[in-house]
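Q: What follows is upload18.txt; its format and atoms are compact mmCIF, C-alpha atoms.
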```
# COMPACT_ATOMS: atom_id res chain seq x y z
CA MET C 8 95.99 34.11 -3.97
CA GLU C 9 98.42 36.46 -5.72
CA LEU C 10 98.12 39.78 -7.49
CA SER C 11 98.41 39.80 -11.27
CA ASP C 12 101.82 40.43 -12.80
CA ARG C 13 100.46 43.68 -14.19
CA LEU C 14 99.59 45.02 -10.75
CA LYS C 15 102.95 43.89 -9.41
CA GLN C 16 104.65 45.97 -12.10
CA LEU C 17 102.89 49.22 -11.17
CA PRO C 18 105.31 51.90 -9.98
CA GLN C 19 105.50 52.51 -6.25
CA GLN C 20 103.37 55.44 -5.14
CA PHE C 21 106.08 58.00 -4.41
CA PHE C 22 103.86 60.30 -2.38
CA ALA C 23 102.79 57.50 -0.02
CA SER C 24 106.27 57.52 1.52
CA LEU C 25 106.20 61.29 1.98
CA VAL C 26 102.75 61.17 3.56
CA GLY C 27 103.99 58.53 5.98
CA LYS C 28 107.01 60.57 7.02
CA VAL C 29 104.90 63.69 7.60
CA ALA C 30 102.28 61.75 9.54
CA LYS C 31 104.98 60.27 11.80
CA ALA C 32 106.45 63.70 12.50
CA LYS C 33 103.04 65.14 13.35
CA ALA C 34 102.25 62.19 15.59
CA GLU C 35 105.36 63.13 17.56
CA GLY C 36 103.80 66.53 18.19
CA ARG C 37 106.01 68.46 15.77
CA ASP C 38 104.71 71.57 13.99
CA VAL C 39 105.30 70.44 10.41
CA ILE C 40 104.81 72.92 7.57
CA ASN C 41 103.82 70.62 4.72
CA LEU C 42 104.98 71.99 1.38
CA GLY C 43 105.23 68.55 -0.19
CA GLN C 44 101.59 68.13 -1.14
CA GLY C 45 99.76 69.01 -4.34
CA ASN C 46 96.31 69.27 -2.80
CA PRO C 47 94.67 72.73 -3.13
CA ASP C 48 94.15 74.29 0.31
CA GLN C 49 91.29 76.64 -0.56
CA PRO C 50 87.60 75.61 -0.44
CA THR C 51 85.45 75.08 -3.50
CA PRO C 52 83.70 78.41 -4.30
CA ALA C 53 80.36 78.70 -2.53
CA HIS C 54 78.28 79.12 -5.70
CA ILE C 55 79.57 75.76 -6.99
CA VAL C 56 78.75 74.05 -3.70
CA ARG C 57 75.25 75.53 -3.82
CA SER C 58 74.84 74.20 -7.35
CA LEU C 59 75.73 70.70 -6.15
CA GLN C 60 73.31 70.98 -3.23
CA SER C 61 70.49 72.08 -5.48
CA ALA C 62 71.17 69.38 -8.05
CA ALA C 63 71.43 66.67 -5.39
CA GLU C 64 67.92 67.55 -4.18
CA ASP C 65 66.50 66.67 -7.60
CA PRO C 66 65.61 62.94 -7.65
CA ILE C 67 66.54 62.69 -11.32
CA THR C 68 70.22 63.03 -10.34
CA HIS C 69 69.93 59.91 -8.17
CA LYS C 70 69.57 57.71 -11.25
CA TYR C 71 72.37 56.41 -13.44
CA SER C 72 73.93 59.15 -15.53
CA PRO C 73 74.12 58.74 -19.31
CA PHE C 74 77.29 56.76 -20.05
CA ARG C 75 79.04 59.68 -21.70
CA GLY C 76 77.95 62.41 -19.32
CA ILE C 77 75.04 64.80 -19.19
CA ASN C 78 74.61 67.10 -22.17
CA GLU C 79 74.94 70.18 -19.96
CA LEU C 80 78.53 69.33 -19.00
CA ASN C 81 79.60 68.48 -22.54
CA ARG C 82 78.19 71.79 -23.76
CA ALA C 83 79.77 73.63 -20.83
CA ALA C 84 83.20 72.24 -21.71
CA ALA C 85 82.76 73.44 -25.29
CA GLU C 86 81.56 76.86 -24.13
CA PHE C 87 84.52 77.11 -21.73
CA TYR C 88 87.05 76.44 -24.50
CA GLN C 89 85.38 78.95 -26.81
CA ARG C 90 85.34 81.65 -24.12
CA GLU C 91 88.80 81.07 -22.66
CA TYR C 92 90.84 80.02 -25.69
CA GLY C 93 88.83 80.83 -28.80
CA VAL C 94 88.62 77.13 -29.70
CA GLU C 95 85.55 75.69 -31.41
CA VAL C 96 84.70 72.32 -29.86
CA ASP C 97 81.91 69.98 -30.93
CA PRO C 98 80.32 68.90 -27.62
CA GLU C 99 79.10 65.63 -29.11
CA LYS C 100 82.25 64.45 -30.90
CA GLU C 101 85.14 66.34 -29.34
CA VAL C 102 84.48 66.14 -25.58
CA ALA C 103 84.93 63.22 -23.17
CA ILE C 104 83.92 63.58 -19.52
CA LEU C 105 86.53 62.12 -17.15
CA PHE C 106 86.62 60.88 -13.55
CA GLY C 107 89.25 63.50 -12.92
CA ALA C 108 92.03 64.00 -15.44
CA LYS C 109 94.11 61.28 -13.76
CA ALA C 110 91.69 58.60 -14.95
CA GLY C 111 91.98 59.85 -18.52
CA LEU C 112 95.77 60.02 -18.34
CA VAL C 113 95.95 56.39 -17.22
CA GLU C 114 93.30 55.14 -19.68
CA LEU C 115 94.69 56.75 -22.81
CA PRO C 116 97.50 54.26 -23.59
CA MET C 117 94.93 51.43 -23.45
CA CYS C 118 92.88 53.34 -26.02
CA LEU C 119 95.59 53.99 -28.59
CA LEU C 120 98.45 51.52 -28.13
CA ASN C 121 98.91 47.78 -28.50
CA GLU C 122 101.06 45.52 -26.35
CA GLY C 123 104.72 46.43 -26.76
CA ASP C 124 104.10 49.79 -28.45
CA LEU C 125 106.19 52.77 -27.33
CA MET C 126 105.07 55.96 -25.62
CA LEU C 127 107.19 58.96 -24.62
CA LEU C 128 106.94 60.60 -21.18
CA PRO C 129 108.53 63.75 -19.71
CA ASP C 130 111.23 63.51 -17.03
CA PRO C 131 110.64 65.02 -14.54
CA GLY C 132 106.93 64.42 -14.79
CA TYR C 133 103.76 63.39 -12.99
CA PRO C 134 104.53 59.88 -11.66
CA ASP C 135 101.16 58.38 -12.62
CA TYR C 136 101.93 58.79 -16.33
CA GLU C 137 103.95 55.59 -15.95
CA SER C 138 100.94 53.80 -14.45
CA GLY C 139 99.10 54.05 -17.76
CA ALA C 140 102.00 52.47 -19.62
CA VAL C 141 102.15 49.54 -17.20
CA LEU C 142 98.40 48.90 -17.24
CA ALA C 143 98.37 48.98 -21.04
CA ASN C 144 101.40 46.66 -21.15
CA VAL C 145 103.31 49.03 -23.41
CA THR C 146 106.88 50.27 -23.22
CA PHE C 147 107.90 53.85 -22.54
CA ASP C 148 110.94 56.04 -22.89
CA THR C 149 111.41 59.29 -21.01
CA PHE C 150 112.75 62.53 -22.43
CA PRO C 151 114.56 65.09 -20.27
CA LEU C 152 113.18 68.49 -19.29
CA LYS C 153 116.28 70.54 -18.52
CA GLU C 154 116.56 73.97 -16.95
CA GLU C 155 118.86 75.19 -19.74
CA ASN C 156 116.02 74.52 -22.21
CA GLN C 157 113.34 76.17 -20.03
CA PHE C 158 112.13 72.67 -19.06
CA LEU C 159 110.86 72.04 -22.61
CA PRO C 160 111.73 68.90 -24.59
CA ASP C 161 114.35 69.12 -27.33
CA TYR C 162 112.77 67.28 -30.24
CA SER C 163 116.05 67.24 -32.14
CA ALA C 164 117.48 64.99 -29.41
CA PHE C 165 114.98 62.18 -30.02
CA SER C 166 116.54 59.17 -31.67
CA ASP C 167 115.44 57.89 -35.07
CA GLU C 168 114.24 54.71 -33.37
CA GLN C 169 112.09 56.66 -30.92
CA LYS C 170 110.57 58.75 -33.69
CA GLU C 171 109.82 55.64 -35.73
CA LYS C 172 108.35 53.50 -32.95
CA ALA C 173 106.59 55.98 -30.67
CA LYS C 174 102.83 56.34 -31.03
CA LEU C 175 101.97 58.63 -28.11
CA LEU C 176 103.72 61.52 -26.32
CA TYR C 177 102.67 63.29 -23.10
CA LEU C 178 103.23 66.97 -22.33
CA ASN C 179 102.19 69.07 -19.33
CA TYR C 180 102.29 72.90 -19.22
CA PRO C 181 102.12 74.74 -16.88
CA ASN C 182 104.36 71.97 -15.67
CA ASN C 183 104.26 69.83 -12.59
CA PRO C 184 106.80 69.82 -10.99
CA THR C 185 108.89 72.60 -12.56
CA GLY C 186 106.33 75.42 -12.89
CA ALA C 187 107.48 76.07 -16.47
CA THR C 188 105.09 77.20 -19.21
CA ALA C 189 105.03 76.61 -22.97
CA SER C 190 104.77 79.10 -25.81
CA LYS C 191 102.72 79.13 -28.99
CA GLU C 192 105.92 78.55 -30.94
CA PHE C 193 106.76 75.45 -28.91
CA PHE C 194 103.31 73.95 -29.52
CA GLU C 195 103.62 74.71 -33.24
CA GLU C 196 106.92 72.81 -33.20
CA THR C 197 105.19 69.98 -31.33
CA ILE C 198 102.43 69.69 -33.94
CA ALA C 199 104.97 69.62 -36.76
CA PHE C 200 106.95 66.92 -34.92
CA ALA C 201 103.78 64.87 -34.33
CA LYS C 202 102.70 65.07 -37.96
CA GLU C 203 106.13 64.22 -39.30
CA ASN C 204 106.44 61.14 -37.09
CA ASN C 205 102.78 60.06 -36.79
CA ILE C 206 102.76 60.46 -33.01
CA ALA C 207 99.63 61.36 -31.02
CA ILE C 208 99.95 64.15 -28.43
CA LEU C 209 98.31 64.33 -25.03
CA HIS C 210 98.60 67.72 -23.36
CA ASP C 211 97.85 67.57 -19.64
CA PHE C 212 96.46 71.08 -18.96
CA ALA C 213 95.73 70.54 -15.26
CA TYR C 214 97.16 73.93 -14.27
CA GLY C 215 95.79 75.75 -17.29
CA ALA C 216 94.24 78.59 -15.27
CA ILE C 217 97.32 79.35 -13.20
CA GLY C 218 99.73 81.71 -14.95
CA PHE C 219 101.62 84.63 -13.49
CA ASP C 220 102.91 88.09 -14.41
CA GLY C 221 99.91 88.76 -16.63
CA ASP C 222 100.59 85.78 -18.91
CA LYS C 223 97.74 83.36 -19.48
CA PRO C 224 98.96 79.78 -20.04
CA GLN C 225 98.82 78.64 -23.66
CA SER C 226 96.29 75.97 -24.58
CA PHE C 227 97.62 73.34 -26.96
CA MET C 228 94.16 73.15 -28.55
CA SER C 229 94.32 76.83 -29.50
CA ILE C 230 97.14 76.14 -31.97
CA GLU C 231 96.23 75.44 -35.59
CA GLY C 232 96.51 71.74 -36.36
CA ALA C 233 96.33 70.56 -32.73
CA LYS C 234 93.10 68.64 -33.25
CA GLU C 235 94.70 66.71 -36.09
CA VAL C 236 97.30 65.18 -33.79
CA GLY C 237 95.99 65.12 -30.24
CA ILE C 238 93.87 66.10 -27.31
CA GLU C 239 94.05 68.23 -24.19
CA MET C 240 92.87 67.13 -20.74
CA TYR C 241 91.48 69.67 -18.29
CA THR C 242 90.54 69.18 -14.65
CA LEU C 243 88.38 71.30 -12.39
CA SER C 244 90.57 70.28 -9.42
CA LYS C 245 92.94 73.24 -9.58
CA THR C 246 90.92 75.95 -11.32
CA TYR C 247 87.94 75.63 -8.99
CA ASN C 248 89.45 73.85 -5.94
CA MET C 249 87.42 70.73 -6.75
CA ALA C 250 90.12 68.09 -6.28
CA GLY C 251 87.92 65.76 -4.23
CA TRP C 252 85.05 66.03 -6.71
CA ARG C 253 87.01 63.99 -9.31
CA VAL C 254 85.73 65.66 -12.46
CA GLY C 255 87.54 66.66 -15.64
CA PHE C 256 87.26 66.38 -19.39
CA ALA C 257 89.24 65.89 -22.58
CA VAL C 258 88.80 67.87 -25.78
CA GLY C 259 90.25 67.54 -29.26
CA ASN C 260 90.76 64.90 -31.91
CA PRO C 261 87.40 63.15 -32.42
CA THR C 262 88.95 59.72 -33.02
CA ILE C 263 90.85 59.85 -29.72
CA ILE C 264 87.81 61.25 -27.91
CA ALA C 265 85.69 58.37 -29.28
CA ALA C 266 88.28 55.90 -28.02
CA ILE C 267 88.18 57.37 -24.51
CA ASN C 268 84.39 57.32 -24.49
CA LEU C 269 84.40 53.70 -25.65
CA ILE C 270 86.72 52.43 -22.93
CA GLN C 271 84.79 54.40 -20.32
CA ASP C 272 81.54 52.81 -21.54
CA HIS C 273 83.01 49.55 -20.24
CA LEU C 274 84.52 50.91 -17.03
CA TYR C 275 81.97 53.36 -15.65
CA VAL C 276 78.43 54.66 -15.84
CA SER C 277 79.73 58.23 -15.68
CA LEU C 278 79.85 60.62 -12.74
CA PHE C 279 77.14 61.42 -10.18
CA PRO C 280 74.88 63.72 -12.23
CA ALA C 281 74.74 66.36 -9.49
CA VAL C 282 78.54 66.68 -9.62
CA GLN C 283 78.32 67.04 -13.40
CA GLN C 284 75.71 69.78 -13.11
CA ALA C 285 77.82 71.66 -10.57
CA ALA C 286 80.87 71.27 -12.83
CA ALA C 287 78.91 72.70 -15.76
CA ASP C 288 77.89 75.68 -13.64
CA ALA C 289 81.51 76.16 -12.56
CA LEU C 290 82.71 76.27 -16.17
CA THR C 291 80.02 78.62 -17.45
CA GLY C 292 79.35 80.77 -14.37
CA ASP C 293 81.06 83.75 -12.76
CA GLN C 294 84.85 83.37 -12.97
CA THR C 295 85.71 85.92 -10.27
CA SER C 296 86.83 83.16 -7.91
CA VAL C 297 89.32 81.89 -10.49
CA ARG C 298 90.91 85.33 -10.90
CA GLU C 299 91.11 85.70 -7.13
CA LEU C 300 92.70 82.27 -6.78
CA VAL C 301 95.39 83.00 -9.37
CA ALA C 302 96.15 86.30 -7.64
CA LEU C 303 96.48 84.43 -4.33
CA TYR C 304 98.98 81.96 -5.79
CA GLU C 305 100.96 84.78 -7.36
CA ARG C 306 101.20 86.60 -4.02
CA ARG C 307 102.36 83.38 -2.39
CA ARG C 308 104.91 82.80 -5.14
CA ASN C 309 106.29 86.30 -4.77
CA ARG C 310 106.55 86.10 -0.98
CA PHE C 311 108.16 82.67 -1.12
CA ILE C 312 110.74 83.56 -3.77
CA ALA C 313 111.61 86.83 -2.00
CA ALA C 314 112.11 84.95 1.28
CA CYS C 315 114.32 82.40 -0.48
CA GLU C 316 116.43 85.19 -1.96
CA ARG C 317 117.03 86.55 1.53
CA ILE C 318 118.60 83.26 2.67
CA GLY C 319 120.52 82.73 -0.57
CA TRP C 320 118.27 79.94 -1.89
CA ARG C 321 117.98 81.02 -5.50
CA ALA C 322 115.79 79.60 -8.25
CA THR C 323 113.78 80.71 -11.25
CA ALA C 324 110.33 81.82 -10.12
CA PRO C 325 107.61 79.55 -11.53
CA ALA C 326 105.70 81.00 -14.48
CA GLY C 327 102.62 78.91 -13.71
CA SER C 328 101.13 76.15 -11.53
CA PHE C 329 101.27 76.31 -7.74
CA PHE C 330 104.72 74.72 -7.42
CA ALA C 331 108.25 76.03 -7.10
CA TRP C 332 111.13 73.86 -8.34
CA MET C 333 114.04 74.54 -6.03
CA PRO C 334 117.66 73.33 -6.18
CA VAL C 335 118.99 71.28 -3.28
CA ALA C 336 121.82 72.56 -1.11
CA GLU C 337 125.35 71.56 -2.02
CA GLY C 338 126.33 68.07 -0.92
CA PHE C 339 122.79 66.67 -0.81
CA THR C 340 120.77 64.39 -3.03
CA SER C 341 117.12 65.31 -3.51
CA GLU C 342 115.88 62.70 -1.07
CA ALA C 343 118.55 63.42 1.53
CA PHE C 344 117.78 67.14 1.35
CA ALA C 345 114.03 66.58 1.73
CA ASP C 346 114.63 64.29 4.71
CA TYR C 347 117.02 66.81 6.26
CA LEU C 348 114.51 69.67 6.01
CA LEU C 349 111.83 67.52 7.63
CA ASP C 350 114.12 66.27 10.38
CA LYS C 351 115.87 69.56 11.20
CA ALA C 352 113.32 72.25 10.25
CA ASP C 353 109.96 70.45 10.33
CA VAL C 354 109.42 71.50 6.71
CA ALA C 355 108.17 68.87 4.26
CA VAL C 356 109.01 69.12 0.55
CA ALA C 357 108.81 66.57 -2.26
CA ALA C 358 112.13 65.11 -3.41
CA GLY C 359 112.70 65.80 -7.11
CA ASN C 360 113.89 62.28 -7.92
CA GLY C 361 110.33 61.08 -7.26
CA PHE C 362 109.40 62.75 -10.55
CA GLY C 363 112.15 61.07 -12.58
CA LYS C 364 115.90 60.80 -13.05
CA PHE C 365 116.19 64.42 -14.21
CA GLY C 366 114.41 65.58 -11.08
CA GLU C 367 117.53 64.73 -9.09
CA GLY C 368 119.07 67.88 -7.63
CA TYR C 369 115.72 69.58 -6.99
CA VAL C 370 112.82 69.55 -4.57
CA ARG C 371 109.24 70.56 -5.31
CA VAL C 372 107.62 73.11 -3.04
CA GLY C 373 103.82 73.44 -3.02
CA LEU C 374 102.54 76.99 -2.52
CA LEU C 375 99.55 75.59 -0.67
CA VAL C 376 99.80 77.22 2.75
CA ASP C 377 99.29 80.87 3.58
CA GLU C 378 102.00 83.46 2.96
CA GLU C 379 103.06 83.71 6.60
CA ARG C 380 103.62 79.97 6.85
CA LEU C 381 105.58 79.99 3.60
CA GLU C 382 107.88 82.66 5.01
CA GLU C 383 108.16 80.80 8.30
CA ALA C 384 109.18 77.66 6.42
CA VAL C 385 111.93 79.55 4.58
CA ASP C 386 113.08 81.19 7.83
CA ARG C 387 113.40 77.75 9.43
CA ILE C 388 115.44 76.53 6.46
CA GLY C 389 117.57 79.68 6.62
CA GLN C 390 118.52 78.88 10.23
CA LEU C 391 120.21 75.70 8.97
CA ASN C 392 122.82 77.83 7.11
CA LEU C 393 122.75 75.65 4.00
CA PHE C 394 123.09 78.41 1.39
```
Reformat the file's structure so that it appears as structure tokens.
A:
Amino acid sequence: MELSDRLKQLPQQFFASLVGKVAKAKAEGRDVINLGQGNPDQPTPAHIVRSLQSAAEDPITHKYSPFRGINELNRAAAEFYQREYGVEVDPEKEVAILFGAKAGLVELPMCLLNEGDLMLLPDPGYPDYESGAVLANVTFDTFPLKEENQFLPDYSAFSDEQKEKAKLLYLNYPNNPTGATASKEFFEETIAFAKENNIAILHDFAYGAIGFDGDKPQSFMSIEGAKEVGIEMYTLSKTYNMAGWRVGFAVGNPTIIAAINLIQDHLYVSLFPAVQQAAADALTGDQTSVRELVALYERRRNRFIAACERIGWRATAPAGSFFAWMPVAEGFTSEAFADYLLDKADVAVAAGNGFGKFGEGYVRVGLLVDEERLEEAVDRIGQLNLF
């Protein structure tokens, strides 16, 4: 018995190799500081956990959920967007509950594209974007995110053929892996580009809560005309440290939202209702924990960048997310540099080429250990005299 051709074509899971290397080093008894992961290290806030516990004790939550989610979570998503971004969202027609944003990102091409259609993906970018293209049996082109352009796409560089054929384009700000953010002006340019070329936009807003230096990340949905051309996906994984809970939602264009809901009608019977109730309480409840979390990441960013400066490892400080996008030392490829740091300093980072061709020359550092361990990691790297 063989796997289907479609499964055989799925991209290799880049992070599986990194996890294996780190696990091997730890099994050898080495004190590895793992900065290669993207898994939040802080616990889910206690009031959200208590909400789950309370909801799970209600027998009604043990039954199948409504296919398209409980009304409380749809309304909570709409209330969240009104409060945080001043965006009016119809909870019935403009919200889709997701099994984590990743599920929505992978499903969307199957909702909007036909076999052989073209979608456009950022490079560097989240590797699983490609998975959606393969599963939908569509083609994709990548567009470069370059440091000289603040890691934003240059729409003038798209070819006439790409603009004519493409039906869907993915964006992600604050950006994984670069930590870059997008401005209102950029999103206005994006909407104009989408309208002119009849291209749908998906904005992956996974790190939407995490902005630094007093700047709140810009929501694509808050820009006039955004609902006409696309949607935004939000996850509770990063904002509320709920990665393992697998809950998120999409908001925006009602036709696209209806398409997501339709495909999910055939794939799932929605999330465990108790998780949905806890997610609703997270979105509408006290947001003190979110402010504290962002402050924690900013302190870590500042300590890490300052330590890097001391050893001569210079990079632009991330404006958002919990990642730093760092150049490799001279004479190394991304993968060779990441392997060298693990072998010689017991510091794990993610090689930039795992995020695309234009990730070559960088490594991604996750700010997901405490400040002292971040500084210790940089001190270990400094002892290698690479910079």
Q: List the spatial neighbours of Ala140 (chain C) as an NGL selection string - criterion: any atom at most 9 Å away, all atoms listed in the file, same-chain residues fewer than 4 positions off excluded.
A: :C and (113 or 116-117 or 125-126 or 136 or 144-147)
Q: Excluding Asp272 (chain C) and residues on its chain fewer than 6 positions from it, collect all residues at most 10 Å away from it, counting all atoms listed in the file, and give them as a VMD selection string.
A: chain C and resid 73 to 75 266
Q: Extract, using all atoms listed in the file, all DNA, RNA and protein residues at most 6 Å from region 249-256 of chain C, discarding same-chain residues fewer than 2 positions from it, and format them as a list in words.
A: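 The residues satisfying every condition are Thr51, Ala103, Ile104, Leu105, Phe106, Gly107, Ala108, Met240, Tyr241, Thr242, Leu243, Ser244 and Tyr247 of chain C.
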Q: Take CA of Leu391 (chain C) and CA of Ala314 (chain C) and report the distance between them in Å, one decimal.
A: 14.5 Å
Q: Please list as a CSV table (one decimal) with C-alpha atoms, in the frame of the given file every residue within 12 Å of Tyr71 (chain C), counting all atoms listed in the file and excluding residues in the same chain fewer than 3 positions away.
A:
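Once everything was written out, this is out-v4.csv:
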```
chain,number,residue,atom,x,y,z
C,66,PRO,CA,65.6,62.9,-7.6
C,67,ILE,CA,66.5,62.7,-11.3
C,68,THR,CA,70.2,63.0,-10.3
C,74,PHE,CA,77.3,56.8,-20.0
C,75,ARG,CA,79.0,59.7,-21.7
C,76,GLY,CA,78.0,62.4,-19.3
C,77,ILE,CA,75.0,64.8,-19.2
C,275,TYR,CA,82.0,53.4,-15.6
C,276,VAL,CA,78.4,54.7,-15.8
C,277,SER,CA,79.7,58.2,-15.7
C,278,LEU,CA,79.8,60.6,-12.7
C,279,PHE,CA,77.1,61.4,-10.2
C,280,PRO,CA,74.9,63.7,-12.2
C,281,ALA,CA,74.7,66.4,-9.5
```
Q: What's the 12 Å shell around region 166-172 of chain C, counting all atoms listed in the file, without same-chain residues fewer than 3 positions away, as a ChimeraX atom specification?
A: /C:120-121,123-128,145-150,161-163,175-176,200-207
Q: What is the CA of Lys33 (chain C) to CA of Arg371 (chain C) distance in Å?
A: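 Computing the Euclidean distance for CA of Lys33 (chain C) and CA of Arg371 (chain C) yields 20.4 Å.
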Q: Can you measure CA of Arg308 (chain C) to CA of Ala326 (chain C) for me? One decimal in Å is fine.
A: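 Distance reported for this atom pair: 9.5 Å.
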Q: Could you check which of C:Glu137, C:Glu99, C:Glu35, C:Asp211 is closest to Asn182 (chain C), using all atoms listed in the file?
A: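 Result for the nearest residue to Asn182 (chain C): C:Asp211.
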Q: So, counting only C-alpha atoms, which residue among C:Glu231, C:Glu114, C:Asp65, C:Asp288 is closest to Ala83 (chain C)?
A: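 So, comparing all the options, the nearest one is C:Asp288.
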Q: My list of candidates is C:Arg387, C:Arg380, C:His273, C:Lys364. Which is closest to Pro151 (chain C) when distances are computed with all atoms listed in the file?
A: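 Of C:Arg387, C:Arg380, C:His273, C:Lys364, the one nearest Pro151 (chain C), counting all atoms listed in the file, is C:Lys364.
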Q: Given all atoms listed in the file as the basis, pick out the residue of C:Val282, C:Val376, C:Ala164, C:Val236 nearest to Ala63 (chain C).
A: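 Of C:Val282, C:Val376, C:Ala164, C:Val236, the one nearest Ala63 (chain C), counting all atoms listed in the file, is C:Val282.
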Q: From the set C:Gly259, C:Gly111, C:Gly132, C:Pro184, which residue has the shortest atom-to-atom contact distance to Ile230 (chain C), counting only C-alpha atoms?
A: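 Using only C-alpha atoms, the shortest distance to Ile230 (chain C) belongs to C:Gly259.
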Q: Which residue out of C:Leu274, C:Ala336, C:Ala84, C:Ile208 has the minimum interatomic distance to Val102 (chain C) when all atoms listed in the file are used?
A: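 Once distances to Val102 (chain C) are computed over all atoms listed in the file, the minimum belongs to C:Ala84.
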